[in-house]
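Chemist: My structure is stored as protein_8.pdb, with PDB, N, CA and C atoms.
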```pdb
ATOM      1  N   MET N 196     -24.223-132.014-208.104
ATOM      2  CA  MET N 196     -23.963-131.477-206.789
ATOM      3  C   MET N 196     -22.502-131.694-206.451
ATOM      4  N   GLN N 197     -21.858-130.623-206.080
ATOM      5  CA  GLN N 197     -20.447-130.694-205.728
ATOM      6  C   GLN N 197     -20.286-130.975-204.244
ATOM      7  N   PHE N 198     -19.148-131.647-203.943
ATOM      8  CA  PHE N 198     -18.858-131.935-202.543
ATOM      9  C   PHE N 198     -18.150-130.737-201.946
ATOM     10  N   ASP N 199     -18.714-130.205-200.895
ATOM     11  CA  ASP N 199     -18.159-129.035-200.231
ATOM     12  C   ASP N 199     -17.475-129.482-198.958
ATOM     13  N   LEU N 200     -16.132-129.312-198.917
ATOM     14  CA  LEU N 200     -15.354-129.776-197.769
ATOM     15  C   LEU N 200     -15.629-128.926-196.527
ATOM     16  N   SER N 201     -16.143-127.734-196.691
ATOM     17  CA  SER N 201     -16.417-126.882-195.535
ATOM     18  C   SER N 201     -17.620-127.374-194.741
ATOM     19  N   SER N 202     -18.408-128.230-195.354
ATOM     20  CA  SER N 202     -19.581-128.740-194.630
ATOM     21  C   SER N 202     -19.230-129.918-193.732
ATOM     22  N   VAL N 203     -17.999-130.451-193.855
ATOM     23  CA  VAL N 203     -17.574-131.589-193.026
ATOM     24  C   VAL N 203     -17.141-131.056-191.668
ATOM     25  N   GLU N 204     -17.502-131.770-190.639
ATOM     26  CA  GLU N 204     -17.157-131.326-189.287
ATOM     27  C   GLU N 204     -15.658-131.429-189.046
ATOM     28  N   THR N 205     -15.170-130.660-188.116
ATOM     29  CA  THR N 205     -13.755-130.641-187.784
ATOM     30  C   THR N 205     -13.296-131.988-187.249
ATOM     31  N   ALA N 206     -14.090-132.634-186.434
ATOM     32  CA  ALA N 206     -13.718-133.935-185.870
ATOM     33  C   ALA N 206     -13.546-134.973-186.976
ATOM     34  N   THR N 207     -14.378-134.911-187.990
ATOM     35  CA  THR N 207     -14.265-135.851-189.104
ATOM     36  C   THR N 207     -12.985-135.590-189.891
ATOM     37  N   LEU N 208     -12.662-134.321-190.109
ATOM     38  CA  LEU N 208     -11.425-133.968-190.806
ATOM     39  C   LEU N 208     -10.199-134.421-190.006
ATOM     40  N   VAL N 209     -10.228-134.256-188.689
ATOM     41  CA  VAL N 209      -9.120-134.690-187.845
ATOM     42  C   VAL N 209      -8.981-136.208-187.919
ATOM     43  N   PHE N 210     -10.120-136.907-187.892
ATOM     44  CA  PHE N 210     -10.093-138.371-187.968
ATOM     45  C   PHE N 210      -9.507-138.839-189.306
ATOM     46  N   ILE N 211      -9.934-138.230-190.399
ATOM     47  CA  ILE N 211      -9.423-138.600-191.725
ATOM     48  C   ILE N 211      -7.935-138.257-191.839
ATOM     49  N   GLY N 212      -7.545-137.108-191.305
ATOM     50  CA  GLY N 212      -6.128-136.717-191.309
ATOM     51  C   GLY N 212      -5.277-137.686-190.506
ATOM     52  N   THR N 213      -5.814-138.135-189.368
ATOM     53  CA  THR N 213      -5.089-139.106-188.542
ATOM     54  C   THR N 213      -4.928-140.426-189.286
ATOM     55  N   LEU N 214      -5.978-140.860-189.985
ATOM     56  CA  LEU N 214      -5.883-142.092-190.765
ATOM     57  C   LEU N 214      -4.847-141.971-191.882
ATOM     58  N   VAL N 215      -4.840-140.838-192.569
ATOM     59  CA  VAL N 215      -3.867-140.620-193.648
ATOM     60  C   VAL N 215      -2.452-140.588-193.080
ATOM     61  N   PHE N 216      -2.261-139.887-191.956
ATOM     62  CA  PHE N 216      -0.949-139.812-191.318
ATOM     63  C   PHE N 216      -0.506-141.208-190.861
ATOM     64  N   GLY N 217      -1.412-141.987-190.307
ATOM     65  CA  GLY N 217      -1.096-143.359-189.894
ATOM     66  C   GLY N 217      -0.726-144.235-191.078
ATOM     67  N   ALA N 218      -1.432-144.034-192.194
ATOM     68  CA  ALA N 218      -1.116-144.807-193.404
ATOM     69  C   ALA N 218       0.265-144.437-193.932
ATOM     70  N   LEU N 219       0.594-143.145-193.884
ATOM     71  CA  LEU N 219       1.930-142.723-194.302
ATOM     72  C   LEU N 219       3.010-143.314-193.394
ATOM     73  N   LEU N 220       2.770-143.279-192.078
ATOM     74  CA  LEU N 220       3.738-143.872-191.141
ATOM     75  C   LEU N 220       3.879-145.374-191.375
ATOM     76  N   ALA N 221       2.773-146.057-191.590
ATOM     77  CA  ALA N 221       2.817-147.504-191.837
ATOM     78  C   ALA N 221       3.581-147.804-193.123
ATOM     79  N   ALA N 222       3.339-147.003-194.166
ATOM     80  CA  ALA N 222       4.061-147.197-195.418
ATOM     81  C   ALA N 222       5.560-146.975-195.223
ATOM     82  N   PHE N 223       5.909-145.944-194.437
ATOM     83  CA  PHE N 223       7.325-145.673-194.171
ATOM     84  C   PHE N 223       7.967-146.821-193.399
ATOM     85  N   VAL N 224       7.292-147.325-192.376
ATOM     86  CA  VAL N 224       7.843-148.424-191.568
ATOM     87  C   VAL N 224       7.969-149.693-192.406
ATOM     88  N   LEU N 225       6.960-149.985-193.228
ATOM     89  CA  LEU N 225       7.034-151.165-194.089
ATOM     90  C   LEU N 225       8.163-151.047-195.105
ATOM     91  N   THR N 226       8.320-149.858-195.672
ATOM     92  CA  THR N 226       9.408-149.650-196.631
ATOM     93  C   THR N 226      10.769-149.779-195.961
ATOM     94  N   ALA N 227      10.906-149.197-194.764
ATOM     95  CA  ALA N 227      12.172-149.301-194.035
ATOM     96  C   ALA N 227      12.464-150.756-193.663
ATOM     97  N   GLY N 228      11.452-151.487-193.261
ATOM     98  CA  GLY N 228      11.646-152.908-192.937
ATOM     99  C   GLY N 228      12.055-153.710-194.156
ATOM    100  N   LEU N 229      11.432-153.427-195.293
ATOM    101  CA  LEU N 229      11.790-154.131-196.524
ATOM    102  C   LEU N 229      13.224-153.825-196.935
ATOM    103  N   VAL N 230      13.601-152.552-196.838
ATOM    104  CA  VAL N 230      14.979-152.171-197.173
ATOM    105  C   VAL N 230      15.961-152.849-196.210
ATOM    106  N   ALA N 231      15.615-152.912-194.922
ATOM    107  CA  ALA N 231      16.491-153.579-193.953
ATOM    108  C   ALA N 231      16.626-155.072-194.253
ATOM    109  N   LEU N 232      15.522-155.713-194.621
ATOM    110  CA  LEU N 232      15.578-157.136-194.971
ATOM    111  C   LEU N 232      16.415-157.382-196.220
ATOM    112  N   VAL N 233      16.289-156.509-197.202
ATOM    113  CA  VAL N 233      17.089-156.644-198.419
ATOM    114  C   VAL N 233      18.573-156.450-198.096
ATOM    115  N   ALA N 234      18.883-155.439-197.275
ATOM    116  CA  ALA N 234      20.281-155.207-196.901
ATOM    117  C   ALA N 234      20.829-156.376-196.090
ATOM    118  N   LEU N 235      20.028-156.906-195.176
ATOM    119  CA  LEU N 235      20.457-158.057-194.381
ATOM    120  C   LEU N 235      20.675-159.281-195.269
ATOM    121  N   GLY N 236      19.780-159.500-196.211
ATOM    122  CA  GLY N 236      19.937-160.629-197.137
ATOM    123  C   GLY N 236      21.173-160.483-198.005
ATOM    124  N   ALA N 237      21.425-159.265-198.485
ATOM    125  CA  ALA N 237      22.616-159.040-199.309
ATOM    126  C   ALA N 237      23.882-159.236-198.481
ATOM    127  N   GLY N 238      23.856-158.769-197.235
ATOM    128  CA  GLY N 238      25.010-158.963-196.360
ATOM    129  C   GLY N 238      25.245-160.433-196.057
ATOM    130  N   LYS N 239      24.174-161.152-195.798
ATOM    131  CA  LYS N 239      24.293-162.593-195.529
ATOM    132  C   LYS N 239      24.814-163.332-196.757
ATOM    133  N   LEU N 240      24.300-162.977-197.935
ATOM    134  CA  LEU N 240      24.764-163.602-199.167
ATOM    135  C   LEU N 240      26.249-163.327-199.394
ATOM    136  N   THR N 241      26.652-162.072-199.193
ATOM    137  CA  THR N 241      28.062-161.717-199.346
ATOM    138  C   THR N 241      28.918-162.489-198.352
ATOM    139  N   TRP N 242      28.478-162.560-197.102
ATOM    140  CA  TRP N 242      29.219-163.285-196.072
ATOM    141  C   TRP N 242      29.355-164.767-196.436
ATOM    142  N   MET N 243      28.280-165.373-196.911
ATOM    143  CA  MET N 243      28.333-166.791-197.257
ATOM    144  C   MET N 243      29.265-167.025-198.448
ATOM    145  N   VAL N 244      29.254-166.125-199.420
ATOM    146  CA  VAL N 244      30.163-166.264-200.561
ATOM    147  C   VAL N 244      31.613-166.163-200.101
ATOM    148  N   VAL N 245      31.906-165.192-199.236
ATOM    149  CA  VAL N 245      33.275-165.022-198.735
ATOM    150  C   VAL N 245      33.702-166.233-197.920
ATOM    151  N   VAL N 246      32.840-166.691-197.021
ATOM    152  CA  VAL N 246      33.182-167.835-196.167
ATOM    153  C   VAL N 246      33.392-169.088-197.007
ATOM    154  N   ASN N 247      32.503-169.349-197.949
ATOM    155  CA  ASN N 247      32.651-170.554-198.779
ATOM    156  C   ASN N 247      33.896-170.478-199.661
ATOM    157  N   THR N 248      34.222-169.282-200.147
ATOM    158  CA  THR N 248      35.433-169.124-200.945
ATOM    159  C   THR N 248      36.672-169.388-200.100
ATOM    160  N   LEU N 249      36.717-168.807-198.900
ATOM    161  CA  LEU N 249      37.870-169.033-198.027
ATOM    162  C   LEU N 249      37.987-170.495-197.610
ATOM    163  N   MET N 250      36.850-171.127-197.329
ATOM    164  CA  MET N 250      36.892-172.538-196.964
ATOM    165  C   MET N 250      37.388-173.394-198.131
ATOM    166  N   ALA N 251      36.986-173.055-199.352
ATOM    167  CA  ALA N 251      37.461-173.797-200.521
ATOM    168  C   ALA N 251      38.964-173.603-200.713
ATOM    169  N   VAL N 252      39.448-172.384-200.492
ATOM    170  CA  VAL N 252      40.889-172.127-200.615
ATOM    171  C   VAL N 252      41.659-172.912-199.566
ATOM    172  N   VAL N 253      41.191-172.878-198.321
ATOM    173  CA  VAL N 253      41.870-173.616-197.246
ATOM    174  C   VAL N 253      41.824-175.110-197.517
ATOM    175  N   HIS N 254      40.676-175.610-197.978
ATOM    176  CA  HIS N 254      40.551-177.035-198.285
ATOM    177  C   HIS N 254      41.510-177.417-199.416
ATOM    178  N   GLY N 255      41.625-176.566-200.422
ATOM    179  CA  GLY N 255      42.545-176.826-201.527
ATOM    180  C   GLY N 255      43.995-176.839-201.073
ATOM    181  N   ILE N 256      44.362-175.888-200.210
ATOM    182  CA  ILE N 256      45.729-175.858-199.683
ATOM    183  C   ILE N 256      46.006-177.112-198.867
ATOM    184  N   ASN N 257      45.072-177.492-197.996
ATOM    185  CA  ASN N 257      45.255-178.693-197.180
ATOM    186  C   ASN N 257      45.350-179.940-198.045
ATOM    187  N   SER N 258      44.516-180.031-199.058
ATOM    188  CA  SER N 258      44.543-181.192-199.940
ATOM    189  C   SER N 258      45.861-181.264-200.706
ATOM    190  N   GLY N 259      46.300-180.138-201.221
ATOM    191  CA  GLY N 259      47.586-180.100-201.927
ATOM    192  C   GLY N 259      48.752-180.456-201.027
ATOM    193  N   TRP N 260      48.734-179.921-199.817
ATOM    194  CA  TRP N 260      49.801-180.231-198.862
ATOM    195  C   TRP N 260      49.788-181.712-198.501
ATOM    196  N   ASP N 261      48.608-182.281-198.332
ATOM    197  CA  ASP N 261      48.493-183.702-198.006
ATOM    198  C   ASP N 261      49.051-184.564-199.139
ATOM    199  N   ARG N 262      48.701-184.223-200.378
ATOM    200  CA  ARG N 262      49.245-184.979-201.508
ATOM    201  C   ARG N 262      50.761-184.840-201.596
ATOM    202  N   LEU N 263      51.267-183.636-201.344
ATOM    203  CA  LEU N 263      52.706-183.401-201.392
ATOM    204  C   LEU N 263      53.434-184.211-200.329
ATOM    205  N   VAL N 264      52.894-184.226-199.123
ATOM    206  CA  VAL N 264      53.533-184.964-198.031
ATOM    207  C   VAL N 264      53.499-186.458-198.307
ATOM    208  N   HIS N 265      52.365-186.968-198.782
ATOM    209  CA  HIS N 265      52.283-188.404-199.072
ATOM    210  C   HIS N 265      53.199-188.795-200.224
ATOM    211  N   ARG N 266      53.308-187.945-201.221
ATOM    212  CA  ARG N 266      54.210-188.235-202.342
ATOM    213  C   ARG N 266      55.663-188.182-201.871
ATOM    214  N   ALA N 267      55.993-187.204-201.019
ATOM    215  CA  ALA N 267      57.368-187.090-200.536
ATOM    216  C   ALA N 267      57.727-188.242-199.602
ATOM    217  N   SER N 268      56.753-188.748-198.849
ATOM    218  CA  SER N 268      57.068-189.852-197.935
ATOM    219  C   SER N 268      57.253-191.165-198.689
ATOM    220  N   ALA N 269      56.730-191.247-199.898
ATOM    221  CA  ALA N 269      56.866-192.484-200.670
ATOM    222  C   ALA N 269      58.184-192.542-201.441
ATOM    223  N   VAL N 270      58.855-191.411-201.572
ATOM    224  CA  VAL N 270      60.109-191.367-202.327
ATOM    225  C   VAL N 270      61.253-191.824-201.432
ATOM    226  N   GLU N 271      62.082-192.721-201.966
ATOM    227  CA  GLU N 271      63.252-193.161-201.211
ATOM    228  C   GLU N 271      64.492-192.780-202.003
ATOM    229  N   LEU N 272      65.284-191.919-201.448
ATOM    230  CA  LEU N 272      66.527-191.517-202.091
ATOM    231  C   LEU N 272      67.670-192.359-201.517
ATOM    232  N   PRO N 273      68.571-192.843-202.348
ATOM    233  CA  PRO N 273      69.631-193.718-201.848
ATOM    234  C   PRO N 273      70.632-192.997-200.956
ATOM    235  N   GLY N 274      70.753-191.710-201.068
ATOM    236  CA  GLY N 274      71.779-191.019-200.304
ATOM    237  C   GLY N 274      71.253-190.283-199.083
ATOM    238  N   ASP N 275      70.079-190.614-198.623
ATOM    239  CA  ASP N 275      69.509-189.889-197.484
ATOM    240  C   ASP N 275      70.232-190.228-196.190
ATOM    241  N   PHE N 276      70.496-189.231-195.428
ATOM    242  CA  PHE N 276      71.009-189.343-194.066
ATOM    243  C   PHE N 276      72.273-190.218-193.974
ATOM    244  N   GLN N 277      73.244-189.931-194.780
ATOM    245  CA  GLN N 277      74.517-190.642-194.664
ATOM    246  C   GLN N 277      75.318-190.024-193.534
ATOM    247  N   PRO N 278      75.961-190.862-192.740
ATOM    248  CA  PRO N 278      76.725-190.320-191.613
ATOM    249  C   PRO N 278      77.893-189.467-192.105
ATOM    250  N   GLN N 279      78.104-188.360-191.389
ATOM    251  CA  GLN N 279      79.210-187.468-191.725
ATOM    252  C   GLN N 279      80.047-187.266-190.472
ATOM    253  N   PRO N 280      81.338-187.202-190.654
ATOM    254  CA  PRO N 280      82.188-186.978-189.477
ATOM    255  C   PRO N 280      81.967-185.571-188.924
ATOM    256  N   SER N 281      81.986-185.488-187.622
ATOM    257  CA  SER N 281      81.789-184.197-186.962
ATOM    258  C   SER N 281      83.145-183.563-186.707
ATOM    259  N   PRO N 282      83.283-182.257-186.946
ATOM    260  CA  PRO N 282      84.583-181.615-186.733
ATOM    261  C   PRO N 282      84.961-181.538-185.254
ATOM    262  N   SER N 283      83.994-181.583-184.374
ATOM    263  CA  SER N 283      84.314-181.545-182.944
ATOM    264  C   SER N 283      83.254-182.334-182.197
ATOM    265  N   THR N 284      83.505-182.560-180.929
ATOM    266  CA  THR N 284      82.562-183.333-180.134
ATOM    267  C   THR N 284      81.391-182.484-179.679
ATOM    268  N   GLY N 285      81.541-181.184-179.742
ATOM    269  CA  GLY N 285      80.464-180.304-179.331
ATOM    270  C   GLY N 285      80.375-180.153-177.825
ATOM    271  N   THR N 286      81.396-180.623-177.102
ATOM    272  CA  THR N 286      81.381-180.489-175.647
ATOM    273  C   THR N 286      82.260-179.323-175.237
ATOM    274  N   TYR N 287      82.037-178.838-174.063
ATOM    275  CA  TYR N 287      82.816-177.729-173.523
ATOM    276  C   TYR N 287      83.757-178.266-172.445
ATOM    277  N   PRO N 288      84.880-177.587-172.226
ATOM    278  CA  PRO N 288      85.805-178.065-171.181
ATOM    279  C   PRO N 288      85.141-177.939-169.806
ATOM    280  N   ARG N 289      85.501-178.859-168.948
ATOM    281  CA  ARG N 289      84.913-178.880-167.607
ATOM    282  C   ARG N 289      85.533-177.788-166.768
ATOM    283  N   VAL N 290      84.680-177.026-166.080
ATOM    284  CA  VAL N 290      85.141-175.924-165.223
ATOM    285  C   VAL N 290      84.903-176.344-163.785
ATOM    286  N   ILE N 291      85.950-176.269-162.961
ATOM    287  CA  ILE N 291      85.836-176.621-161.549
ATOM    288  C   ILE N 291      85.827-175.326-160.746
ATOM    289  N   LEU N 292      84.803-175.130-159.966
ATOM    290  CA  LEU N 292      84.701-173.937-159.124
ATOM    291  C   LEU N 292      85.258-174.259-157.752
ATOM    292  N   ARG N 293      86.082-173.393-157.220
ATOM    293  CA  ARG N 293      86.646-173.581-155.892
ATOM    294  C   ARG N 293      85.816-172.865-154.857
ATOM    295  N   ASP N 294      85.740-173.464-153.716
ATOM    296  CA  ASP N 294      85.047-172.797-152.601
ATOM    297  C   ASP N 294      85.970-171.736-152.034
ATOM    298  N   SER N 295      85.481-170.562-151.739
ATOM    299  CA  SER N 295      86.341-169.527-151.177
ATOM    300  C   SER N 295      86.210-169.434-149.693
TER
END
```
Translate this structure into structure tokens?
Modeler:
Amino acid sequence: MQFDLSSVETATLVFIGTLVFGALLAAFVLTAGLVALVALGAGKLTWMVVVNTLMAVVHGINSGWDRLVHRASAVELPGDFQPQPSPSTGTYPRVILRDS
């Protein structure tokens, strides 16, 4: 015996069609949500890699600068800051203003 679809009532066909349409919509929403979660995760991963890389670079620069400053402060050169004669006093002549 074959199944004859014409013997099914219209209301039953509408109900089955609505269920199929709802299943398609649910599948679409679930797929879109999964794609959004994957994109968000990839973006977060990329952001964390960039931030950690920049922080490591900044930390390395700061560490290098700190070592350089400490090494330079420990060095004593015998000729540092020897007094030198100044060619002039660096002062300007005094100007007297007269009241008019």
Chemist: Atom N of Val203 (chain N) and atom C of Ala218 (chain N), how far apart in Å?
Modeler: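 The value is 23.0 Å.
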Chemist: Would you mind reading off the distance between atom C of Asn247 (chain N) and atom N of Trp260 (chain N), one decimal, in Å?
Modeler: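 Between these atoms lies a distance of 17.6 Å.
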Chemist: Please enclose the listed atoms of region 260-272 of chain N in an axis-aligned box, pad each side by 3 Å, and write out the centre and the three edge lengths in Å, rounded to one decimal, as AutoDock Vina command-line options.
Modeler:
```
--center_x 58.1 --center_y -186.5 --center_z -200.1 --size_x 25.2 --size_y 19.2 --size_z 10.4
```
Chemist: What is the atom N of Ser258 (chain N)-atom N of Lys239 (chain N) distance in Å, reported with one decimal?
Modeler: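 About the pair atom N of Ser258 (chain N) and atom N of Lys239 (chain N): they are 27.9 Å apart.
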